[in-house]
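my_file.cif (mmCIF, C-alpha atoms) appears below.
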```cif
data_my_file
loop_
_atom_site.group_PDB
_atom_site.id
_atom_site.type_symbol
_atom_site.label_atom_id
_atom_site.label_comp_id
_atom_site.auth_asym_id
_atom_site.auth_seq_id
_atom_site.Cartn_x
_atom_site.Cartn_y
_atom_site.Cartn_z
ATOM 1 C CA MET A 123 -16.698 3.584 5.324
ATOM 2 C CA ALA A 124 -13.254 5.026 6.035
ATOM 3 C CA LYS A 125 -10.701 4.916 3.253
ATOM 4 C CA VAL A 126 -8.319 2.012 3.021
ATOM 5 C CA ILE A 127 -4.682 2.726 2.170
ATOM 6 C CA PHE A 128 -2.837 0.874 -0.555
ATOM 7 C CA TYR A 129 0.934 1.154 -0.225
ATOM 8 C CA HIS A 130 3.221 0.213 -3.082
ATOM 9 C CA ALA A 131 6.673 0.906 -4.497
ATOM 10 C CA GLY A 132 5.981 1.118 -8.212
ATOM 11 C CA CYS A 133 7.394 -2.278 -9.121
ATOM 12 C CA PRO A 134 5.525 -4.453 -11.667
ATOM 13 C CA VAL A 135 4.010 -6.594 -8.879
ATOM 14 C CA CYS A 136 2.770 -3.436 -7.127
ATOM 15 C CA VAL A 137 1.363 -1.816 -10.269
ATOM 16 C CA SER A 138 -0.530 -4.989 -11.130
ATOM 17 C CA ALA A 139 -1.938 -5.201 -7.586
ATOM 18 C CA GLU A 140 -2.928 -1.519 -7.710
ATOM 19 C CA LYS A 141 -4.966 -2.098 -10.871
ATOM 20 C CA ASP A 142 -6.702 -5.071 -9.258
ATOM 21 C CA ILE A 143 -7.417 -3.170 -6.039
ATOM 22 C CA LEU A 144 -8.906 -0.241 -7.966
ATOM 23 C CA ASN A 145 -11.132 -2.678 -9.848
ATOM 24 C CA LEU A 146 -12.406 -4.083 -6.535
ATOM 25 C CA ILE A 147 -12.656 -0.943 -4.399
ATOM 26 C CA PRO A 148 -14.054 2.366 -5.669
ATOM 27 C CA GLU A 149 -11.244 4.883 -6.186
ATOM 28 C CA ASN A 150 -12.839 7.361 -3.757
ATOM 29 C CA GLN A 151 -12.571 4.739 -0.970
ATOM 30 C CA VAL A 152 -8.866 3.940 -1.344
ATOM 31 C CA GLU A 153 -5.817 6.131 -0.909
ATOM 32 C CA VAL A 154 -2.912 4.978 -3.059
ATOM 33 C CA ILE A 155 0.550 5.808 -1.717
ATOM 34 C CA HIS A 156 3.661 5.186 -3.819
ATOM 35 C CA LEU A 157 6.427 4.745 -1.246
ATOM 36 C CA GLY A 158 9.103 4.877 -3.938
ATOM 37 C CA THR A 159 8.290 8.532 -4.613
ATOM 38 C CA ASP A 160 6.709 9.522 -1.288
ATOM 39 C CA LYS A 161 9.483 8.412 1.095
ATOM 40 C CA ILE A 162 8.087 10.446 3.990
ATOM 41 C CA LYS A 163 5.140 8.005 4.165
ATOM 42 C CA VAL A 164 7.391 4.960 4.772
ATOM 43 C CA LYS A 165 7.301 5.637 8.515
ATOM 44 C CA ASP A 166 3.473 5.814 8.425
ATOM 45 C CA ALA A 167 3.301 2.496 6.569
ATOM 46 C CA GLU A 168 5.671 0.868 9.023
ATOM 47 C CA SER A 169 3.674 2.214 11.992
ATOM 48 C CA ALA A 170 0.525 0.730 10.448
ATOM 49 C CA GLY A 171 2.199 -2.693 10.385
ATOM 50 C CA VAL A 172 3.263 -2.875 6.744
ATOM 51 C CA LYS A 173 6.217 -5.262 6.371
ATOM 52 C CA SER A 174 6.349 -5.394 2.569
ATOM 53 C CA VAL A 175 4.575 -3.892 -0.393
ATOM 54 C CA PRO A 176 2.146 -4.095 -2.019
ATOM 55 C CA ALA A 177 -0.028 -3.963 1.061
ATOM 56 C CA LEU A 178 -3.526 -2.804 1.853
ATOM 57 C CA VAL A 179 -4.237 -1.277 5.256
ATOM 58 C CA MET A 180 -7.908 -1.767 6.049
ATOM 59 C CA SER A 181 -10.036 0.780 7.910
ATOM 60 C CA ASN A 182 -10.028 -1.507 10.974
ATOM 61 C CA GLY A 183 -6.201 -1.501 11.047
ATOM 62 C CA ASN A 184 -5.633 -4.960 9.590
ATOM 63 C CA VAL A 185 -2.839 -5.153 7.030
ATOM 64 C CA LEU A 186 -3.229 -7.372 3.979
ATOM 65 C CA HIS A 187 0.152 -8.164 2.460
ATOM 66 C CA ILE A 188 -0.866 -8.938 -1.103
ATOM 67 C CA ASN A 189 2.366 -10.215 -2.623
ATOM 68 C CA PHE A 190 6.049 -9.559 -2.133
ATOM 69 C CA GLY A 191 7.353 -6.686 -4.234
ATOM 70 C CA ALA A 192 9.727 -4.982 -1.792
ATOM 71 C CA SER A 193 10.493 -5.064 1.902
ATOM 72 C CA ILE A 194 9.648 -1.949 3.926
ATOM 73 C CA GLU A 195 13.302 -2.043 5.030
ATOM 74 C CA ASP A 196 14.395 -1.682 1.403
ATOM 75 C CA LEU A 197 12.264 1.435 1.064
ATOM 76 C CA LYS A 198 13.825 3.281 3.999
#
```
Would you kindly transcribe this structure into structure tokens?
Amino acid sequence: MAKVIFYHAGCPVCVSAEKDILNLIPENQVEVIHLGTDKIKVKDAESAGVKSVPALVMSNGNVLHINFGASIEDLK
């Protein structure tokens, strides 16, 4: 299985979702990207269809917007 990508911005909603995701998916199968500190990845997230974080981009390209922590526009 290809890795899924979990994008977040470090807010309390995102940190909580990250903990839950890592309890559900083995850590070696998920790449966690903190868009608040890794600004260069914002464009990648947007290209993948992420509209807000936290979001999980599945290996098939589907984006699961988990909750609303921050808009991708706010992270630019």
Exercise for review: Go through A:Ala139, A:Ala124, A:Tyr129, A:Leu146 one by one, measure the shortest atom-to-atom distance of each to A:Asp166 using all atoms listed in the file, and give the residue with the smallest value.
Suggested key: A:Tyr129
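Neighbouring residues of stretch 169-172 of chain A at 12 Å or closer, counting all atoms listed in the file and skipping chain neighbours under 5 positions away, are Val126, Ile127, Phe128, Tyr129, His130, Leu157, Lys163, Val164, Ala177, Leu178, Val179, Met180, Ser181, Asn182, Gly183, Asn184, Val185, Leu186, His187, Ile188, Asn189, Phe190, Ala192, Ser193, Ile194, Glu195 and Leu197 of chain A.
Ranking A:Ser138, A:Glu168, A:Ala131, A:Lys173 by their shortest atom-to-atom distance to A:His156, with only C-alpha atoms included, puts A:Ala131 first.
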Exercise for review: Would you translate the PyMOL selection byres ((chain A and resi 150) around 12) into the concrete set of residues it matches in this file, as a count of residues only?
Suggested key: 15
Using all atoms of stretch 153-169 of chain A listed in the file and a margin of 8 Å per side, can you give the axis-aligned box centre and edge lengths in Å to one decimal, as JSON?
```
{"center_x": 1.8, "center_y": 5.7, "center_z": 3.7, "size_x": 31.3, "size_y": 25.6, "size_z": 32.6}
```
Review point. So, counting all atoms listed in the file, which residue among A:Lys198, A:Pro134, A:Ala167, A:Lys141 is closest to A:Ile155?
Key: A:Ala167
